[in-house]
$ cat coords_16.txt   # compact mmCIF, C-alpha atoms
# COMPACT_ATOMS: atom_id res chain seq x y z
CA MET A 303 5.51 -24.63 -39.90
CA LYS A 304 6.19 -27.65 -37.67
CA SER A 305 9.92 -27.59 -38.47
CA THR A 306 10.08 -23.90 -37.56
CA PHE A 307 8.36 -24.59 -34.24
CA LYS A 308 10.73 -27.49 -33.46
CA TYR A 309 13.74 -25.33 -34.35
CA ARG A 310 12.60 -22.56 -32.02
CA ALA A 311 11.76 -25.05 -29.25
CA ARG A 312 15.27 -26.56 -29.43
CA ARG A 313 16.90 -23.17 -29.70
CA TYR A 314 15.16 -21.70 -26.67
CA LEU A 315 14.91 -24.90 -24.61
CA LEU A 316 17.56 -23.79 -22.12
CA ASN A 317 15.82 -20.43 -21.74
CA TYR A 318 12.52 -22.14 -21.00
CA LEU A 319 14.21 -24.49 -18.53
CA GLY A 320 15.78 -21.46 -16.83
CA LEU A 321 12.34 -19.90 -16.38
CA LEU A 322 10.76 -23.13 -15.15
CA PRO A 323 11.69 -22.70 -11.44
CA PHE A 324 10.06 -19.26 -11.40
CA PHE A 325 6.83 -20.52 -12.96
CA LEU A 326 6.73 -23.49 -10.58
CA LEU A 327 7.16 -21.23 -7.54
CA PHE A 328 4.63 -18.76 -8.97
CA ALA A 329 2.10 -21.55 -9.48
CA VAL A 330 2.61 -23.03 -5.99
CA PHE A 331 2.77 -19.83 -3.93
CA ILE A 332 0.63 -17.41 -5.98
CA LEU A 333 -1.77 -19.11 -8.38
CA TYR A 334 -2.78 -22.03 -6.16
CA PRO A 335 -3.48 -19.90 -3.04
CA PHE A 336 -5.36 -17.39 -5.20
CA PHE A 337 -7.72 -19.94 -6.76
CA GLN A 338 -8.05 -21.77 -3.43
CA GLY A 339 -9.06 -18.51 -1.76
CA VAL A 340 -11.64 -17.75 -4.44
CA PHE A 341 -13.07 -21.25 -4.06
CA MET A 342 -13.20 -20.95 -0.27
CA SER A 343 -15.17 -17.70 -0.55
CA PHE A 344 -18.07 -19.74 -1.94
CA THR A 345 -18.05 -22.24 0.94
CA ASP A 346 -18.77 -22.34 4.67
CA TRP A 347 -15.14 -23.14 5.40
CA SER A 348 -13.89 -22.30 8.89
CA VAL A 349 -10.68 -22.82 10.83
CA SER A 350 -12.30 -25.73 12.66
CA SER A 351 -13.67 -27.42 9.49
CA ARG A 352 -12.82 -31.11 9.35
CA GLY A 353 -13.94 -32.31 5.94
CA SER A 354 -17.51 -30.98 6.30
CA VAL A 355 -17.25 -28.06 3.89
CA ASN A 356 -20.38 -27.06 1.98
CA PHE A 357 -20.84 -24.88 -1.10
CA VAL A 358 -22.93 -21.81 -0.16
CA GLY A 359 -22.80 -19.83 -3.40
CA LEU A 360 -22.88 -16.05 -2.92
CA ASP A 361 -24.04 -16.21 0.70
CA ASN A 362 -20.69 -15.01 2.07
CA TYR A 363 -20.61 -12.05 -0.31
CA THR A 364 -24.21 -11.17 0.57
CA LEU A 365 -23.40 -11.39 4.26
CA VAL A 366 -20.31 -9.22 3.89
CA LEU A 367 -21.84 -6.50 1.69
CA SER A 368 -25.47 -6.41 2.85
CA GLY A 369 -24.95 -3.97 5.71
CA LYS A 370 -26.82 -6.36 8.01
CA GLY A 371 -25.24 -8.30 10.83
CA THR A 372 -22.03 -7.75 12.79
CA THR A 373 -19.73 -9.05 10.05
CA SER A 374 -21.11 -6.72 7.37
CA VAL A 375 -21.28 -3.69 9.66
CA ARG A 376 -17.68 -4.17 10.76
CA PHE A 377 -16.42 -4.72 7.20
CA LEU A 378 -18.26 -1.69 5.77
CA LYS A 379 -16.94 0.44 8.65
CA SER A 380 -13.40 -0.68 7.79
CA VAL A 381 -14.05 0.22 4.13
CA LYS A 382 -15.24 3.68 5.22
CA ASN A 383 -11.99 4.17 7.15
CA LEU A 384 -10.07 3.04 4.08
CA VAL A 385 -11.89 5.53 1.83
CA ILE A 386 -10.73 8.34 4.14
CA TYR A 387 -7.22 6.97 4.61
CA VAL A 388 -6.16 6.15 1.02
CA PRO A 389 -6.54 9.57 -0.67
CA LEU A 390 -5.00 11.33 2.33
CA THR A 391 -1.93 9.11 2.57
CA LEU A 392 -1.37 9.24 -1.19
CA SER A 393 -1.75 13.00 -1.59
CA ILE A 394 0.15 14.04 1.55
CA GLY A 395 2.85 11.38 1.20
CA LEU A 396 3.51 12.07 -2.48
CA THR A 397 3.54 15.85 -1.99
CA LEU A 398 5.95 15.59 0.94
CA SER A 399 8.29 13.24 -0.94
CA LEU A 400 8.26 15.48 -4.03
CA VAL A 401 8.97 18.62 -1.97
CA LEU A 402 11.83 16.89 -0.14
CA ALA A 403 13.31 15.71 -3.44
CA LEU A 404 13.07 19.19 -4.97
CA ILE A 405 14.69 20.85 -1.95
CA THR A 406 17.52 18.35 -1.39
CA ARG A 407 18.40 18.31 -5.11
CA GLN A 408 19.56 21.92 -4.67
CA LEU A 409 22.15 20.81 -2.09
CA SER A 410 25.65 19.49 -2.67
CA GLN A 411 26.03 15.81 -3.46
CA LYS A 412 27.45 15.05 -0.01
CA LEU A 413 24.60 16.75 1.82
CA PHE A 414 22.08 15.11 -0.52
CA ASN A 415 23.52 11.67 0.28
CA VAL A 416 23.25 12.41 4.02
CA PHE A 417 19.60 13.47 3.76
CA ARG A 418 18.79 10.52 1.50
CA GLY A 419 20.12 8.12 4.12
CA VAL A 420 18.28 9.88 6.95
CA TYR A 421 14.95 9.90 5.10
CA PHE A 422 15.31 6.25 4.07
CA VAL A 423 15.98 4.93 7.60
CA PRO A 424 12.28 4.72 8.66
CA TYR A 425 11.48 2.64 5.57
CA VAL A 426 13.97 -0.10 6.47
CA LEU A 427 12.83 -0.29 10.10
CA PRO A 428 10.52 -3.21 10.98
CA LEU A 429 6.90 -2.05 11.04
CA PHE A 430 6.40 -3.20 14.64
CA LEU A 431 9.30 -0.92 15.64
CA CYS A 432 7.81 2.01 13.70
CA ALA A 433 4.48 1.47 15.44
CA GLY A 434 6.20 1.19 18.84
CA ILE A 435 8.12 4.44 18.32
CA TRP A 436 4.95 6.30 17.38
CA GLN A 437 3.00 4.83 20.30
CA TRP A 438 5.61 6.50 22.49
CA PHE A 439 5.38 9.74 20.46
CA MET A 440 1.56 9.84 20.64
CA THR A 441 0.99 8.97 24.31
CA THR A 442 -1.49 11.55 25.59
CA GLY A 443 0.11 14.00 28.01
CA THR A 444 3.68 12.69 27.74
CA GLY A 445 4.28 11.82 24.09
CA LEU A 446 6.59 14.19 22.20
CA VAL A 447 4.36 14.63 19.12
CA ALA A 448 1.04 14.45 21.01
CA SER A 449 2.21 17.15 23.45
CA PHE A 450 3.42 19.41 20.64
CA LEU A 451 0.13 19.07 18.75
CA ALA A 452 -1.87 19.69 21.95
CA ASN A 453 0.11 22.90 22.58
CA ILE A 454 -0.95 24.24 19.16
CA GLY A 455 -4.56 23.20 19.70
CA ILE A 456 -4.68 19.90 17.79
CA GLY A 457 -6.03 16.84 19.58
CA ARG A 458 -5.96 18.45 22.99
CA GLY A 459 -7.47 16.19 25.66
CA ILE A 460 -8.14 13.24 23.34
CA THR A 461 -6.69 9.74 23.13
CA TRP A 462 -5.33 9.43 19.60
CA ASP A 463 -5.76 5.68 19.16
CA SER A 464 -9.40 5.58 20.25
CA THR A 465 -10.96 8.79 18.87
CA GLU A 466 -12.85 8.89 15.55
CA PHE A 467 -10.91 10.54 12.71
CA TYR A 468 -7.92 11.32 14.95
CA ALA A 469 -7.13 7.60 14.85
CA ILE A 470 -6.96 7.77 11.04
CA ILE A 471 -4.64 10.79 11.30
CA TYR A 472 -2.51 8.79 13.74
CA VAL A 473 -2.13 5.92 11.23
CA LEU A 474 -1.45 8.47 8.47
CA MET A 475 1.43 10.04 10.36
CA VAL A 476 3.07 6.68 11.01
CA ASP A 477 2.56 5.48 7.43
CA ILE A 478 3.87 8.69 5.82
CA TRP A 479 6.87 8.75 8.17
CA ASN A 480 7.59 5.13 7.23
CA SER A 481 7.07 5.35 3.45
CA ALA A 482 8.12 8.91 2.51
CA GLY A 483 11.79 7.89 2.35
CA PHE A 484 11.10 5.20 -0.26
CA ASN A 485 9.10 7.58 -2.45
CA PHE A 486 11.76 10.25 -1.95
CA VAL A 487 14.53 7.94 -3.22
CA ILE A 488 12.50 6.89 -6.27
CA ILE A 489 11.59 10.48 -7.19
CA SER A 490 15.16 11.68 -6.62
CA ALA A 491 16.47 8.96 -8.95
CA GLY A 492 14.02 10.13 -11.60
CA MET A 493 15.11 13.74 -11.17
CA ALA A 494 18.76 12.74 -11.59
CA ASP A 495 17.95 11.49 -15.11
CA ILE A 496 16.61 14.88 -16.24
CA SER A 497 19.21 16.63 -18.39
CA PRO A 498 20.63 19.85 -16.81
CA ASP A 499 20.61 21.37 -20.31
CA LEU A 500 16.83 21.70 -20.10
CA TYR A 501 17.09 23.81 -16.95
CA GLU A 502 19.88 25.92 -18.44
CA ALA A 503 17.80 26.60 -21.55
CA ALA A 504 14.83 27.53 -19.34
CA GLU A 505 16.98 29.94 -17.32
CA ILE A 506 18.19 31.61 -20.51
CA ASP A 507 14.53 32.11 -21.48
CA GLY A 508 13.90 33.71 -18.08
CA ALA A 509 11.90 30.88 -16.48
CA SER A 510 11.36 31.08 -12.73
CA THR A 511 12.00 28.21 -10.31
CA PHE A 512 8.28 27.49 -10.15
CA GLN A 513 8.00 27.44 -13.96
CA LYS A 514 10.95 25.04 -14.24
CA MET A 515 9.31 22.76 -11.71
CA THR A 516 5.87 22.77 -13.38
CA LYS A 517 7.04 22.79 -17.01
CA ILE A 518 10.11 20.54 -16.85
CA THR A 519 10.54 18.57 -13.62
CA ILE A 520 7.00 17.33 -12.96
CA PRO A 521 6.10 16.51 -16.62
CA LEU A 522 9.33 14.53 -17.09
CA LEU A 523 8.76 12.76 -13.78
CA GLU A 524 5.31 11.57 -14.89
CA PRO A 525 6.32 7.88 -15.35
CA ILE A 526 8.02 7.88 -11.93
CA LEU A 527 5.09 9.62 -10.24
CA PHE A 528 2.69 7.17 -11.87
CA PHE A 529 4.67 4.25 -10.45
CA VAL A 530 4.79 5.83 -6.98
CA VAL A 531 1.04 6.56 -6.99
CA THR A 532 0.10 3.08 -8.28
CA TYR A 533 2.41 1.28 -5.85
CA GLY A 534 1.30 3.51 -2.97
CA PHE A 535 -2.37 2.99 -3.80
CA ILE A 536 -2.08 -0.80 -3.82
CA SER A 537 -0.09 -0.74 -0.57
CA ALA A 538 -2.53 1.66 1.12
CA LEU A 539 -5.51 -0.55 0.30
CA GLN A 540 -3.77 -3.43 2.08
CA VAL A 541 -2.84 -1.47 5.22
CA TYR A 542 -2.64 -3.85 8.16
CA ASP A 543 0.51 -4.04 10.31
CA ILE A 544 0.69 -0.53 11.76
CA PRO A 545 -2.99 -0.08 12.80
CA TRP A 546 -3.08 -3.67 14.10
CA ILE A 547 -0.17 -3.01 16.47
CA ILE A 548 -1.28 0.49 17.47
CA SER A 549 -4.81 -0.68 18.29
CA ASN A 550 -3.48 -3.25 20.78
CA GLY A 551 -3.59 -6.12 18.29
CA SER A 552 -2.17 -8.57 20.82
CA ASP A 553 -5.80 -9.15 21.77
CA ILE A 554 -7.69 -10.04 18.60
CA ASN A 555 -10.99 -8.97 20.19
CA SER A 556 -9.75 -5.37 20.49
CA VAL A 557 -8.37 -5.11 16.96
CA GLY A 558 -9.32 -1.79 15.38
CA GLY A 559 -9.70 -0.07 18.73
CA PRO A 560 -12.93 1.12 20.40
CA GLY A 561 -15.72 1.57 17.86
CA GLN A 562 -13.39 0.33 15.09
CA VAL A 563 -11.84 3.79 14.79
CA MET A 564 -8.64 2.22 13.44
CA SER A 565 -10.06 -0.79 11.57
CA PHE A 566 -9.24 -1.64 7.94
CA PRO A 567 -10.42 -4.49 5.63
CA VAL A 568 -7.36 -6.75 5.95
CA MET A 569 -7.62 -6.51 9.73
CA GLU A 570 -11.27 -7.57 9.53
CA MET A 571 -10.30 -10.51 7.32
CA VAL A 572 -7.83 -11.78 9.93
CA ARG A 573 -10.35 -11.22 12.72
CA ASN A 574 -13.01 -13.18 10.80
CA ILE A 575 -10.67 -16.14 10.36
CA TYR A 576 -10.34 -16.61 14.12
CA LEU A 577 -13.57 -15.17 15.50
CA GLY A 578 -16.00 -15.66 12.61
CA GLY A 579 -17.18 -19.07 13.80
CA LYS A 580 -18.71 -21.35 11.16
CA SER A 581 -17.89 -20.06 7.69
CA GLY A 582 -15.48 -17.52 9.20
CA LEU A 583 -12.71 -18.45 6.77
CA GLY A 584 -15.16 -18.37 3.87
CA ARG A 585 -16.31 -14.87 4.82
CA ALA A 586 -12.72 -13.70 5.21
CA CYS A 587 -11.96 -14.99 1.70
CA ALA A 588 -15.06 -13.20 0.38
CA GLU A 589 -13.77 -9.97 1.92
CA GLY A 590 -10.36 -10.64 0.38
CA VAL A 591 -11.80 -11.23 -3.09
CA THR A 592 -13.91 -8.06 -2.76
CA LEU A 593 -10.82 -6.04 -1.83
CA MET A 594 -8.83 -7.62 -4.66
CA MET A 595 -11.52 -6.69 -7.19
CA ALA A 596 -11.50 -3.10 -5.92
CA ILE A 597 -7.70 -2.93 -6.26
CA LEU A 598 -7.85 -4.46 -9.74
CA ALA A 599 -10.61 -2.11 -10.90
CA VAL A 600 -8.86 1.07 -9.73
CA THR A 601 -5.50 -0.09 -11.11
CA VAL A 602 -7.05 -0.77 -14.52
CA VAL A 603 -8.66 2.69 -14.47
CA GLN A 604 -5.29 4.25 -13.59
CA PHE A 605 -3.51 2.53 -16.48
CA LYS A 606 -6.26 3.37 -18.96
CA ALA A 607 -6.29 7.01 -17.88
CA ARG A 608 -2.54 7.22 -18.28
CA ARG A 609 -2.67 5.54 -21.70
CA LYS A 610 -5.21 8.10 -22.91
CA LYS A 611 -3.10 10.93 -21.51
CA VAL A 612 0.06 9.65 -23.16

$ encode --input "coords_16.txt" --output "structure tokens"
Amino acid sequence: MKSTFKYRARRYLLNYLGLLPFFLLFAVFILYPFFQGVFMSFTDWSVSSRGSVNFVGLDNYTLVLSGKGTTSVRFLKSVKNLVIYVPLTLSIGLTLSLVLALITRQLSQKLFNVFRGVYFVPYVLPLFLCAGIWQWFMTTGTGLVASFLANIGIGRGITWDSTEFYAIIYVLMVDIWNSAGFNFVIISAGMADISPDLYEAAEIDGASTFQKMTKITIPLLEPILFFVVTYGFISALQVYDIPWIISNGSDINSVGGPGQVMSFPVMEMVRNIYLGGKSGLGRACAEGVTLMMAILAVTVVQFKARRKKV
């Protein structure tokens, strides 16, 4: 037994050494910050702490989730916004990307390549630039998109970045515009792997376009769609950059806009770090751990549901 272990250790030593840099970087930049953050969530740590850090147990979690006090009210409001935002951005974004992929796949290869490049451009733009473009689009009275929507009776006379619900729609439009190209490219790549013979056989049997889509394309795209939904869900729960910039995030006191109409959990975490006073960093870490547990729980449910389905 020992000789076998030594033989394998010698044989794969170079492989293990090759993996060592990755594990070192993973430990330093992922594992250590993770465990440090969990530890800090149980303390009264703040940005101004100078060695006087005390263990407070579950006090930060109680403060964050109790619904009492400014910190808890703000965090729970941001969670409410997130509950509205996540299903909308996933369902609309995925549907739009799938429809675009289905339509453009009927075009010639040259035209498809052109559309693929056009749709992918917003994804590679810096997020601050995306937010800046849409701030121009959504300026009340003069913005291109805001004026068009007002003319058809949507959002007439309101300020998009400071009105309840409309602010969420505002973030949705920017996020979908930014991410649809990525999902489109992934779905298109999955569609390219589907054998044309399946469609030809379906046509011989008299299948309609809708039947081919529902009976061949979507079922065979299930692994790709699962990846897109899982990745999109995790990203949506961590939404931060776009609403921070749109809600005038240069001033940390105004983050989230009036009445927190555009506030999300990660934004509240950052705000707590700087404005939370004593134990502000501890409370921010407690919010982060709470969000992480929610992401982990839903991801586990997604994988288990898929495993049962498969």

$ closest_residue --input "coords_16.txt" --among "A:Val358, A:Ile554, A:Leu333, A:Val366" --to "Gly590 (chain A)" --atoms "only C-alpha atoms"
A:Val366

$ residues_around --input "coords_16.txt" --residues "Phe535 (chain A)" --least-positions-apart "5" --cutoff "10 Å" --atoms "only C-alpha atoms" --output "list in words"
Val388, Pro389, Thr391, Leu392, Phe529, Val530, Gln540, Ile597, Val600 and Thr601 of chain A

$ closest_residue --input "coords_16.txt" --among "A:Trp347, A:Phe325, A:Phe337, A:Tyr542" --to "Ser581 (chain A)" --atoms "all atoms listed in the file"
A:Trp347

$ closest_residue --input "coords_16.txt" --among "A:Met342, A:Ile478, A:Ile470, A:Leu593" --to "Ile575 (chain A)" --atoms "all atoms listed in the file"
A:Met342

$ atom_distance --input "coords_16.txt" --atom1 "CA of Gly558 (chain A)" --atom2 "CA of Phe439 (chain A)"
19.4 Å

$ closest_residue --input "coords_16.txt" --among "A:Glu570, A:Asp463, A:Asp499, A:Asp361" --to "Val375 (chain A)" --atoms "only C-alpha atoms"
A:Glu570
